[in-house]
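Source file: start-v2.txt; contents: compact mmCIF, C-alpha atoms.
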# COMPACT_ATOMS: atom_id res chain seq x y z
CA MET U 1 -58.80 29.81 -25.50
CA ASP U 2 -57.55 33.05 -23.91
CA ASP U 3 -54.31 34.01 -25.65
CA ASN U 4 -53.23 36.42 -22.92
CA THR U 5 -50.61 35.45 -20.37
CA SER U 6 -50.47 37.33 -17.09
CA ILE U 7 -47.00 38.31 -15.91
CA GLN U 8 -46.92 39.66 -12.35
CA GLN U 9 -44.05 41.99 -11.50
CA GLU U 10 -43.52 42.23 -7.74
CA SER U 11 -40.66 43.85 -5.85
CA ALA U 12 -39.02 41.47 -3.43
CA SER U 13 -36.78 44.12 -1.94
CA GLU U 14 -39.49 46.59 -0.90
CA PRO U 15 -42.37 46.12 1.54
CA ALA U 16 -45.64 45.92 -0.39
CA GLN U 17 -47.13 49.03 1.19
CA ARG U 18 -44.03 51.07 0.46
CA ALA U 19 -43.64 49.83 -3.09
CA ASN U 20 -47.29 50.13 -4.08
CA PRO U 21 -49.04 52.53 -1.68
CA LEU U 22 -51.73 53.39 -4.25
CA SER U 23 -52.98 49.78 -4.53
CA LEU U 24 -52.29 49.86 -8.27
CA PRO U 25 -52.90 46.69 -10.27
CA THR U 26 -49.47 45.80 -11.64
CA GLY U 27 -50.09 42.70 -13.77
CA HIS U 28 -48.93 42.88 -17.38
CA ARG U 29 -50.57 40.94 -20.18
CA ARG U 30 -49.15 39.86 -23.52
CA SER U 31 -51.30 39.22 -26.57
CA MET U 32 -50.11 36.29 -28.65
CA SER U 33 -52.17 37.05 -31.76
CA GLY U 34 -52.87 40.15 -33.81
CA PRO U 35 -56.03 42.28 -33.58
CA ARG U 36 -59.22 41.05 -35.16
CA ALA U 37 -61.70 43.13 -37.17
CA PRO U 38 -63.99 43.81 -34.14
CA GLU U 39 -61.01 45.12 -32.19
CA ARG U 40 -60.01 47.49 -34.98
CA TRP U 41 -63.61 48.69 -34.94
CA VAL U 42 -63.45 49.23 -31.17
CA ALA U 43 -60.30 51.34 -31.57
CA VAL U 44 -61.96 53.49 -34.23
CA GLN U 45 -65.03 53.97 -32.05
CA LEU U 46 -62.92 55.02 -29.07
CA LEU U 47 -61.44 57.80 -31.19
CA ASN U 48 -64.73 58.83 -32.76
CA LEU U 49 -66.60 58.89 -29.45
CA ALA U 50 -63.80 61.02 -27.98
CA GLY U 51 -64.54 63.63 -30.65
CA SER U 52 -61.83 62.59 -33.12
CA PRO U 53 -58.82 64.12 -31.36
CA PRO U 54 -55.55 64.23 -33.36
CA VAL U 55 -54.54 60.82 -32.02
CA ALA U 56 -53.66 57.54 -33.68
CA ILE U 57 -54.07 54.28 -31.81
CA GLU U 58 -51.27 51.79 -32.26
CA LEU U 59 -52.34 48.24 -31.47
CA TRP U 60 -50.11 45.57 -29.93
CA ASN U 61 -48.86 44.30 -33.31
CA GLY U 62 -47.85 47.77 -34.53
CA GLU U 63 -50.98 48.32 -36.63
CA ARG U 64 -52.23 51.93 -36.49
CA VAL U 65 -55.85 53.06 -36.39
CA HIS U 66 -56.91 56.61 -37.24
CA PRO U 67 -60.17 58.44 -36.43
CA ALA U 68 -62.75 58.53 -39.19
CA ALA U 69 -62.53 62.33 -39.27
CA GLY U 70 -59.05 62.04 -40.78
CA GLY U 71 -56.26 64.56 -40.31
CA THR U 72 -52.65 64.15 -39.23
CA PRO U 73 -52.26 62.74 -35.72
CA ARG U 74 -50.15 64.72 -33.25
CA PHE U 75 -50.03 61.88 -30.75
CA THR U 76 -50.01 58.11 -30.67
CA LEU U 77 -51.74 56.04 -28.01
CA ARG U 78 -50.03 52.64 -27.89
CA ILE U 79 -52.19 49.81 -26.55
CA GLY U 80 -50.09 46.85 -25.52
CA ASP U 81 -52.62 44.02 -25.37
CA ARG U 82 -56.14 42.96 -26.26
CA LYS U 83 -57.53 43.15 -22.74
CA ALA U 84 -56.22 46.67 -22.34
CA LEU U 85 -58.27 47.70 -25.38
CA TYR U 86 -61.44 46.16 -23.96
CA GLY U 87 -60.69 47.73 -20.58
CA MET U 88 -60.66 51.12 -22.24
CA LEU U 89 -64.03 50.32 -23.79
CA SER U 90 -65.71 49.15 -20.58
CA ASN U 91 -64.64 51.92 -18.19
CA PRO U 92 -62.33 54.49 -19.81
CA ASN U 93 -62.03 56.86 -16.85
CA LEU U 94 -60.83 54.17 -14.46
CA ALA U 95 -59.05 51.87 -16.91
CA PHE U 96 -56.87 54.50 -18.58
CA GLY U 97 -55.12 55.40 -15.33
CA ASP U 98 -54.56 51.81 -14.21
CA LEU U 99 -53.39 50.68 -17.63
CA TYR U 100 -51.02 53.62 -18.04
CA SER U 101 -49.60 53.08 -14.54
CA ALA U 102 -48.99 49.41 -15.33
CA GLY U 103 -47.29 50.27 -18.62
CA ARG U 104 -49.92 48.44 -20.68
CA ILE U 105 -50.75 51.61 -22.58
CA ASP U 106 -48.43 54.49 -23.37
CA VAL U 107 -48.40 57.79 -25.20
CA ASP U 108 -45.95 59.01 -27.83
CA GLY U 109 -45.70 62.77 -27.40
CA ASP U 110 -46.06 65.13 -24.48
CA LEU U 111 -48.48 63.47 -22.02
CA ALA U 112 -49.96 66.72 -20.67
CA GLU U 113 -50.57 68.06 -24.18
CA PHE U 114 -52.09 64.73 -25.24
CA LEU U 115 -54.47 64.77 -22.29
CA THR U 116 -55.36 68.44 -22.90
CA GLU U 117 -56.33 67.66 -26.50
CA VAL U 118 -58.34 64.60 -25.55
CA THR U 119 -60.06 66.34 -22.63
CA ALA U 120 -61.07 69.31 -24.80
CA HIS U 121 -62.41 67.05 -27.55
CA VAL U 122 -64.34 64.84 -25.13
CA GLU U 123 -65.92 67.88 -23.46
CA ARG U 124 -67.11 69.21 -26.83
CA GLN U 125 -68.36 65.77 -27.79
CA GLN U 126 -70.41 65.23 -24.62
CA ALA U 127 -73.16 67.66 -25.63
CA ARG U 128 -73.81 65.96 -28.97
CA MET U 129 -73.19 62.38 -27.85
CA PRO U 130 -76.14 59.98 -28.34
CA ALA U 131 -77.58 58.32 -25.26
CA SER U 132 -76.23 54.95 -26.42
CA ALA U 133 -72.68 56.31 -26.13
CA ARG U 134 -72.97 57.94 -22.72
CA TRP U 135 -70.78 55.18 -21.30
CA LEU U 136 -67.78 57.29 -22.37
CA GLY U 137 -68.39 59.53 -19.39
CA ARG U 138 -68.83 56.66 -16.94
CA GLY U 139 -66.48 56.18 -14.05
CA ARG U 140 -66.89 59.49 -12.26
CA ALA U 141 -67.06 59.23 -8.50
CA THR U 142 -69.98 60.87 -6.72
CA PRO U 143 -69.27 63.18 -3.78
CA LYS U 144 -69.55 61.84 -0.26
CA ALA U 145 -69.63 63.65 3.05
CA ALA U 146 -66.33 63.10 4.81
CA SER U 147 -66.73 62.00 8.43
CA GLU U 148 -63.82 62.67 10.78
CA ARG U 149 -62.66 59.05 10.46
CA ALA U 150 -62.99 58.98 6.67
CA ALA U 151 -61.28 62.35 6.32
CA LYS U 152 -58.30 61.10 8.31
CA GLY U 153 -57.96 58.02 6.12
CA ASN U 154 -58.22 60.08 2.94
CA ILE U 155 -55.56 62.52 4.10
CA GLN U 156 -53.20 59.73 5.13
CA HIS U 157 -53.56 58.06 1.72
CA HIS U 158 -52.47 61.21 -0.13
CA TYR U 159 -50.43 63.46 2.15
CA ASP U 160 -48.63 60.92 4.32
CA LEU U 161 -46.75 59.47 1.36
CA GLY U 162 -43.78 61.18 2.97
CA ASN U 163 -42.33 64.67 3.20
CA ASP U 164 -39.27 63.49 1.26
CA PHE U 165 -41.48 62.68 -1.72
CA TYR U 166 -43.17 66.07 -1.85
CA ARG U 167 -39.91 67.90 -1.17
CA LEU U 168 -38.60 66.60 -4.51
CA TRP U 169 -40.93 68.75 -6.58
CA LEU U 170 -42.73 71.39 -4.48
CA ASP U 171 -41.31 74.88 -3.99
CA ARG U 172 -38.32 75.22 -1.70
CA ALA U 173 -39.66 78.32 0.05
CA ALA U 174 -42.68 76.93 1.90
CA MET U 175 -43.65 73.55 0.34
CA GLN U 176 -46.98 74.83 -0.94
CA TYR U 177 -49.12 72.10 -2.46
CA THR U 178 -51.74 74.53 -3.76
CA CYS U 179 -52.10 76.87 -6.73
CA ALA U 180 -49.38 79.53 -7.02
CA TYR U 181 -49.99 83.08 -8.26
CA TYR U 182 -48.00 83.90 -11.40
CA GLU U 183 -48.47 87.64 -11.22
CA GLU U 184 -45.88 87.91 -13.99
CA PRO U 185 -45.31 85.06 -16.46
CA GLU U 186 -41.57 84.79 -15.85
CA LEU U 187 -41.82 84.11 -12.11
CA THR U 188 -40.14 81.07 -10.61
CA LEU U 189 -42.24 78.57 -8.69
CA GLU U 190 -40.82 79.95 -5.43
CA GLN U 191 -41.74 83.54 -6.34
CA ALA U 192 -45.21 82.56 -7.52
CA GLN U 193 -45.95 80.57 -4.36
CA GLN U 194 -44.88 83.46 -2.14
CA ALA U 195 -46.97 85.79 -4.30
CA LYS U 196 -49.97 83.52 -3.58
CA LEU U 197 -49.37 83.82 0.16
CA GLU U 198 -49.14 87.60 -0.09
CA HIS U 199 -52.24 87.76 -2.31
CA VAL U 200 -54.23 85.82 0.30
CA CYS U 201 -53.00 88.06 3.14
CA ARG U 202 -53.95 91.23 1.25
CA LYS U 203 -57.42 89.87 0.55
CA LEU U 204 -57.85 89.22 4.28
CA ALA U 205 -56.62 92.78 5.07
CA LEU U 206 -54.48 91.42 7.91
CA GLN U 207 -53.19 93.74 10.61
CA PRO U 208 -50.54 93.18 13.34
CA GLY U 209 -51.92 91.62 16.51
CA GLN U 210 -54.89 89.93 14.86
CA ARG U 211 -55.82 86.29 15.46
CA VAL U 212 -56.22 83.98 12.45
CA VAL U 213 -57.60 80.45 12.22
CA GLU U 214 -56.59 78.25 9.30
CA LEU U 215 -58.51 75.13 8.29
CA GLY U 216 -56.12 72.70 6.62
CA CYS U 217 -52.59 74.09 6.77
CA GLY U 218 -50.53 71.64 4.71
CA TRP U 219 -46.88 72.00 5.70
CA GLY U 220 -47.67 75.27 7.44
CA GLY U 221 -46.24 77.77 4.97
CA LEU U 222 -49.17 80.20 4.98
CA ALA U 223 -49.30 80.32 8.78
CA ARG U 224 -45.58 81.10 8.96
CA TYR U 225 -45.89 83.76 6.27
CA MET U 226 -48.81 85.45 8.04
CA ALA U 227 -47.02 85.43 11.39
CA ARG U 228 -43.68 86.58 9.98
CA GLU U 229 -44.84 89.22 7.46
CA TYR U 230 -48.03 90.50 9.13
CA GLY U 231 -47.41 90.00 12.84
CA VAL U 232 -50.56 87.95 13.47
CA SER U 233 -51.03 84.87 15.64
CA VAL U 234 -52.34 81.74 13.95
CA ARG U 235 -54.10 78.52 14.97
CA ALA U 236 -53.76 76.09 12.06
CA PHE U 237 -55.67 72.78 11.94
CA ASN U 238 -54.50 69.67 10.10
CA ILE U 239 -55.05 65.91 10.48
CA SER U 240 -51.85 64.83 8.71
CA ARG U 241 -49.33 63.99 11.42
CA GLU U 242 -46.36 64.17 9.04
CA GLN U 243 -47.32 67.65 7.88
CA VAL U 244 -47.96 68.97 11.38
CA GLU U 245 -44.64 67.65 12.68
CA TYR U 246 -42.82 69.30 9.77
CA ALA U 247 -44.72 72.58 10.28
CA ARG U 248 -43.90 72.70 13.98
CA GLU U 249 -40.20 72.07 13.30
CA GLN U 250 -40.09 74.85 10.70
CA ALA U 251 -41.89 77.34 12.96
CA ALA U 252 -39.42 76.63 15.76
CA ARG U 253 -36.49 76.98 13.36
CA GLU U 254 -37.78 80.39 12.22
CA GLY U 255 -38.54 81.56 15.77
CA LEU U 256 -42.27 81.75 15.10
CA ASP U 257 -43.56 78.99 17.38
CA ASP U 258 -44.72 81.55 19.96
CA ARG U 259 -47.16 82.97 17.39
CA ILE U 260 -48.31 79.78 15.65
CA GLU U 261 -50.17 76.81 17.08
CA TYR U 262 -50.33 73.86 14.69
CA VAL U 263 -53.24 71.74 15.91
CA LEU U 264 -53.37 68.04 15.00
CA ASP U 265 -57.15 67.83 14.93
CA ASP U 266 -60.18 67.91 12.66
CA TYR U 267 -61.38 71.32 11.50
CA ARG U 268 -64.80 70.71 13.07
CA ASN U 269 -63.25 71.04 16.51
CA ILE U 270 -62.07 74.65 16.32
CA SER U 271 -62.96 77.04 19.14
CA GLY U 272 -62.39 80.69 19.93
CA GLU U 273 -62.91 83.96 18.07
CA TYR U 274 -60.76 85.20 15.19
CA ASP U 275 -60.20 88.26 13.05
CA ALA U 276 -59.64 86.17 9.94
CA PHE U 277 -60.67 82.71 8.77
CA VAL U 278 -58.74 81.09 5.92
CA SER U 279 -58.83 77.75 4.13
CA VAL U 280 -56.49 77.12 1.19
CA GLY U 281 -56.82 73.84 -0.68
CA MET U 282 -58.97 72.03 1.86
CA LEU U 283 -62.58 72.45 0.76
CA GLU U 284 -62.00 69.79 -1.93
CA HIS U 285 -61.74 67.23 0.90
CA VAL U 286 -64.77 68.37 2.93
CA GLY U 287 -67.70 67.12 0.82
CA THR U 288 -70.71 69.25 -0.07
CA ASP U 289 -72.79 67.80 2.76
CA ASN U 290 -70.37 69.46 5.19
CA TYR U 291 -70.43 72.93 3.62
CA ALA U 292 -73.11 74.06 6.06
CA THR U 293 -70.76 73.04 8.88
CA VAL U 294 -67.96 75.16 7.40
CA ALA U 295 -70.38 78.08 7.04
CA ARG U 296 -71.46 77.67 10.66
CA LEU U 297 -67.83 77.67 11.80
CA ILE U 298 -67.22 80.94 9.99
CA ARG U 299 -70.39 82.46 11.39
CA ASN U 300 -69.65 81.37 14.96
CA HIS U 301 -65.90 81.96 15.15
CA LEU U 302 -65.26 84.98 12.91
CA ARG U 303 -65.40 88.36 14.64
CA PRO U 304 -68.17 90.70 13.43
CA ASP U 305 -65.65 92.83 11.50
CA GLY U 306 -63.54 89.90 10.25
CA LEU U 307 -62.98 88.47 6.78
CA ALA U 308 -62.85 84.87 5.55
CA LEU U 309 -61.17 83.43 2.45
CA ILE U 310 -61.72 80.03 0.87
CA HIS U 311 -59.35 78.88 -1.88
CA THR U 312 -60.46 75.73 -3.68
CA ILE U 313 -60.35 73.79 -6.90
CA GLY U 314 -63.79 73.97 -8.48
CA ARG U 315 -65.92 73.53 -11.57
CA ASN U 316 -68.26 75.62 -13.67
CA ARG U 317 -70.99 73.02 -13.20
CA PRO U 318 -71.41 70.02 -10.88
CA ALA U 319 -69.56 66.86 -11.86
CA GLY U 320 -67.98 63.97 -10.04
CA ILE U 321 -64.23 63.57 -9.89
CA ASN U 322 -62.48 61.16 -12.23
CA ALA U 323 -62.87 57.69 -10.74
CA TRP U 324 -59.20 56.77 -11.14
CA ILE U 325 -58.06 59.87 -9.27
CA GLU U 326 -60.61 59.21 -6.53
CA LYS U 327 -59.62 55.57 -6.19
CA ARG U 328 -55.85 55.75 -6.56
CA ILE U 329 -54.69 59.29 -5.81
CA PHE U 330 -57.15 61.54 -4.00
CA PRO U 331 -59.87 59.53 -2.21
CA GLY U 332 -62.81 61.56 -1.03
CA ALA U 333 -61.99 64.59 -3.19
CA TYR U 334 -64.75 66.66 -4.77
CA PRO U 335 -64.22 70.07 -6.43
CA PRO U 336 -67.41 72.12 -6.00
CA SER U 337 -69.20 73.91 -8.78
CA ILE U 338 -69.46 77.68 -8.49
CA THR U 339 -73.08 77.40 -7.33
CA GLN U 340 -72.14 74.83 -4.69
CA LEU U 341 -69.36 77.13 -3.50
CA THR U 342 -71.64 80.13 -3.19
CA GLY U 343 -74.20 77.82 -1.58
CA LEU U 344 -71.76 77.62 1.31
CA ALA U 345 -72.15 81.38 1.71
CA GLU U 346 -75.94 81.07 1.57
CA ALA U 347 -75.82 78.48 4.34
CA GLY U 348 -74.13 81.01 6.64
CA PRO U 349 -75.65 83.29 5.68
CA LEU U 350 -72.49 85.14 4.68
CA SER U 351 -71.86 87.90 2.17
CA VAL U 352 -69.69 87.14 -0.85
CA LEU U 353 -67.32 90.07 -1.34
CA ASP U 354 -65.11 88.73 -4.08
CA ILE U 355 -64.54 85.65 -6.24
CA GLU U 356 -61.42 85.34 -8.37
CA ASN U 357 -60.66 82.50 -10.77
CA LEU U 358 -56.98 81.51 -11.00
CA ARG U 359 -57.50 78.57 -13.36
CA LEU U 360 -54.52 79.20 -15.65
CA HIS U 361 -52.28 79.93 -12.66
CA TYR U 362 -52.90 76.38 -11.51
CA ALA U 363 -51.99 75.00 -14.94
CA GLU U 364 -48.67 76.90 -14.67
CA THR U 365 -48.13 75.65 -11.12
CA LEU U 366 -48.66 72.05 -12.18
CA THR U 367 -46.37 72.50 -15.16
CA ASP U 368 -43.57 73.59 -12.85
CA TRP U 369 -44.32 70.72 -10.45
CA LEU U 370 -44.27 68.18 -13.27
CA ALA U 371 -40.93 69.47 -14.59
CA ARG U 372 -39.37 69.06 -11.15
CA TYR U 373 -41.04 65.69 -10.70
CA GLU U 374 -39.52 64.44 -13.96
CA ASP U 375 -36.13 65.79 -12.94
CA ASN U 376 -36.36 63.58 -9.84
CA ILE U 377 -38.17 60.59 -11.35
CA ASP U 378 -35.35 58.17 -10.51
CA GLN U 379 -35.63 59.07 -6.82
CA VAL U 380 -39.40 58.53 -6.97
CA ARG U 381 -38.83 55.06 -8.43
CA ALA U 382 -36.34 54.32 -5.68
CA MET U 383 -38.81 55.43 -3.01
CA TYR U 384 -41.71 53.45 -4.46
CA ASP U 385 -41.70 51.71 -7.85
CA GLU U 386 -42.20 52.27 -11.55
CA HIS U 387 -45.99 51.94 -11.31
CA PHE U 388 -46.20 54.65 -8.66
CA ALA U 389 -43.89 56.90 -10.68
CA ARG U 390 -46.07 56.53 -13.78
CA ALA U 391 -49.28 57.04 -11.78
CA TRP U 392 -48.12 60.35 -10.38
CA ARG U 393 -46.84 61.49 -13.76
CA LEU U 394 -50.32 60.82 -15.10
CA TYR U 395 -51.99 62.56 -12.16
CA LEU U 396 -49.93 65.75 -12.58
CA SER U 397 -50.26 65.70 -16.38
CA GLY U 398 -53.99 65.07 -16.24
CA SER U 399 -54.43 67.92 -13.79
CA ILE U 400 -52.58 70.27 -16.15
CA ALA U 401 -54.94 69.14 -18.91
CA ALA U 402 -58.06 69.72 -16.79
CA PHE U 403 -57.09 73.30 -15.98
CA ARG U 404 -55.97 74.08 -19.53
CA ALA U 405 -59.15 72.64 -21.01
CA GLY U 406 -61.32 74.42 -18.45
CA THR U 407 -62.90 71.36 -16.84
CA LEU U 408 -61.38 72.48 -13.53
CA GLN U 409 -61.26 75.98 -12.07
CA LEU U 410 -59.49 77.55 -9.08
CA PHE U 411 -61.70 79.83 -7.01
CA GLN U 412 -60.73 82.25 -4.25
CA MET U 413 -63.82 83.51 -2.45
CA VAL U 414 -63.80 86.26 0.20
CA LEU U 415 -66.66 86.33 2.73
CA ALA U 416 -67.90 88.57 5.52
CA HIS U 417 -70.78 88.72 7.95
CA PRO U 418 -73.81 90.29 6.22
CA ASP U 419 -73.88 93.28 8.61
CA ASN U 420 -70.15 94.04 8.41
CA ASN U 421 -70.05 97.60 7.11
CA GLY U 422 -66.31 97.92 7.57
CA ILE U 423 -65.52 95.78 4.53
CA PRO U 424 -62.82 97.01 2.11
CA ARG U 425 -64.11 99.74 -0.18
CA ASN U 426 -62.05 98.69 -3.19
CA ARG U 427 -59.27 96.36 -4.36
CA LYS U 428 -56.42 98.84 -4.24
CA ARG U 429 -54.73 97.00 -1.38
CA LEU U 430 -54.24 94.03 -3.68
CA HIS U 431 -52.15 95.97 -6.20
CA THR U 432 -50.22 98.64 -4.31
CA ALA U 433 -47.00 96.72 -5.02
CA PRO U 434 -46.07 93.42 -6.66
CA ALA U 435 -47.12 90.46 -4.53
CA TYR U 436 -44.06 88.44 -5.49
CA PRO U 437 -40.61 88.89 -3.93
CA GLU U 438 -38.00 90.45 -6.21
CA GLU U 439 -35.55 87.61 -5.59
CA PRO U 440 -36.55 83.96 -5.71
CA ALA U 441 -36.52 82.31 -2.29
CA ALA U 442 -33.85 79.74 -1.62
Rendering of file as structure tokens:
Amino acid sequence: MDDNTSIQQESASEPAQRANPLSLPTGHRRSMSGPRAPERWVAVQLLNLAGSPPVAIELWNGERVHPAAGGTPRFTLRIGDRKALYGMLSNPNLAFGDLYSAGRIDVDGDLAEFLTEVTAHVERQQARMPASARWLGRGRATPKAASERAAKGNIQHHYDLGNDFYRLWLDRAAMQYTCAYYEEPELTLEQAQQAKLEHVCRKLALQPGQRVVELGCGWGGLARYMAREYGVSVRAFNISREQVEYAREQAAREGLDDRIEYVLDDYRNISGEYDAFVSVGMLEHVGTDNYATVARLIRNHLRPDGLALIHTIGRNRPAGINAWIEKRIFPGAYPPSITQLTGLAEAGPLSVLDIENLRLHYAETLTDWLARYEDNIDQVRAMYDEHFARAWRLYLSGSIAAFRAGTLQLFQMVLAHPDNNGIPRNRKRLHTAPAYPEEPAA
């Protein structure tokens, strides 16, 4: 007889889509009997196969299991029921996120630090793991080419959660949902995000009167910065209606709407000729099969003496995205490896002028986001529910861990036409003055 009882927790006061927009399984289960010997063995194997991180597993009756390697645990993973334990065994990448979101597993200790330790240990373990244990790495989604229809659905799932949600924890200067640039370690989030915008503009060597096209503009902060600080005109493409409406309102408020056109359309439909081509935080949504299309757009729409910049999360080697993140948080996402990224240039063909890795800057960005998210966690619960709040805590914490452990990178790549002989001679323009503003933006 199954000794687990399912207890569904539904919100009667919230519409289902509002309360659970991530389609998270919310059932809780309660184990009526203590763990058996095989289940203790499973818990030990989970720790050993993860490389014996400094973690103890506490089972649903309070019994603690330690890795065979010994040592003093820094963290405790609490597993609330028998089926949660077996879920971790069958598909750890997918199950961990769902079980944590549902409150069926929990972590004692800092979640981001716990995930950093576990991620680092698992990565080291992968190389020496026997074939019979390769299931530990299961549950990674394979990349897919994003059609226009699929891309729109993916963007709506993630970005159309509501401007009010993102406003709770993004920077107050420009609502940048991409890696900031902590030129100095003591910078605020607002300073670091503005420093990122300035860093991008310097890499593009922008000049007054130039025309810029932006593929994927978020809430429009980069376009407004380029128009305001560099006197350029910008066409910025985005398929998130909520973001475009916000961006247009902000441009009008700042008196920049005569220099910026926010286009609610797919990037594949751009036209015209531009002095600069920029894409910050969008390539992750494109899919590797569409990289040749992006390269063709640069080749066809960038002036002969123009520069292009692509800013993207990436990897040191090809790997699929975590299945839970792909299913619940970021559908269709795929961070390219460094060779896949430079393969985009080969498809042009385009010349690679510069690649910079801002991996640790993204870990700092996410740390600041998470702190603000936690400060506003009650408002998140009120907007959605407890499961959503836990899911996004896990997503932000897991992203911190991935950048700290080096499983994710952040690449900025500058490109030019192969016969462009007017390319910058050196990098002095990047460091003539601090990129960050002296005073934090309001």
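The shortest atom-to-atom distance to Ser23 (chain U), with only C-alpha atoms taken into account, belongs to U:Asp98 out of U:Glu242, U:Glu198, U:Asp98, U:Glu39.
When CA of Ala251 (chain U) is paired with CA of Asp171 (chain U), their separation reads 17.1 Å.
CA of Ala180 (chain U) is positioned 21.3 Å from CA of Leu307 (chain U).
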Report as a count of residues only all protein, DNA and RNA residues lying within 9 Å of Ala43 (chain U), evaluated on all atoms listed in the file, omitting residues in the same chain fewer than 3 positions from it. 13
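With CA of Asp106 (chain U) on one side and CA of Ile79 (chain U) on the other, the separation reads 6.8 Å.
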Do you know which residues are at most 10 Å from Leu430 (chain U) counting only C-alpha atoms, after dropping those on the same chain fewer than 2 positions away, and could you put them as an mmCIF file with C-alpha atoms, in the coordinates of the input?
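Contents of around-v9.cif, as written:
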data_model
loop_
_atom_site.group_PDB
_atom_site.id
_atom_site.type_symbol
_atom_site.label_atom_id
_atom_site.label_comp_id
_atom_site.auth_asym_id
_atom_site.auth_seq_id
_atom_site.Cartn_x
_atom_site.Cartn_y
_atom_site.Cartn_z
ATOM 1 C CA GLU U 198 -49.140 87.600 -0.090
ATOM 2 C CA HIS U 199 -52.240 87.760 -2.310
ATOM 3 C CA VAL U 200 -54.230 85.820 0.300
ATOM 4 C CA CYS U 201 -53.000 88.060 3.140
ATOM 5 C CA ARG U 202 -53.950 91.230 1.250
ATOM 6 C CA LYS U 203 -57.420 89.870 0.550
ATOM 7 C CA LEU U 204 -57.850 89.220 4.280
ATOM 8 C CA ALA U 205 -56.620 92.780 5.070
ATOM 9 C CA ASN U 426 -62.050 98.690 -3.190
ATOM 10 C CA ARG U 427 -59.270 96.360 -4.360
ATOM 11 C CA LYS U 428 -56.420 98.840 -4.240
ATOM 12 C CA THR U 432 -50.220 98.640 -4.310
ATOM 13 C CA ALA U 433 -47.000 96.720 -5.020
ATOM 14 C CA PRO U 434 -46.070 93.420 -6.660
ATOM 15 C CA ALA U 435 -47.120 90.460 -4.530
#
Could you check which of U:Arg296, U:Arg224, U:Arg429, U:His301 is closest to Ala174 (chain U), using all atoms listed in the file? U:Arg224
Of the candidates U:Glu254, U:Glu214, U:Glu284, U:Glu245, which shows the shortest atom-to-atom distance to Ile298 (chain U), using only C-alpha atoms?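 Of all the options, U:Glu214 lies closest to Ile298 (chain U).
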Excluding Ala252 (chain U) and its own-chain neighbours fewer than 5 positions away, which residues fall within 12 Å of it when counting all atoms listed in the file? Please give them as number ranges by chain. U: 220, 224, 245-247, 257-262
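Among the candidate residues U:Arg381, U:Arg248, U:Arg124, U:Arg425, the one lying nearest to Pro53 (chain U) is U:Arg124, with distances computed using all atoms listed in the file.
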Using all atoms listed in the file, which protein or nucleic acid residues come within 10 Å of Val244 (chain U)? Drop anything in the same chain fewer than 3 positions from it, and give the result as a list of chain:residue names. U:Cys217, U:Gly218, U:Trp219, U:Gly220, U:Ala236, U:Phe237, U:Asn238, U:Ile239, U:Ser240, U:Arg241, U:Ala247, U:Arg248, U:Glu249, U:Gln250, U:Glu261, U:Tyr262, U:Val263, U:Leu264, U:Asp265
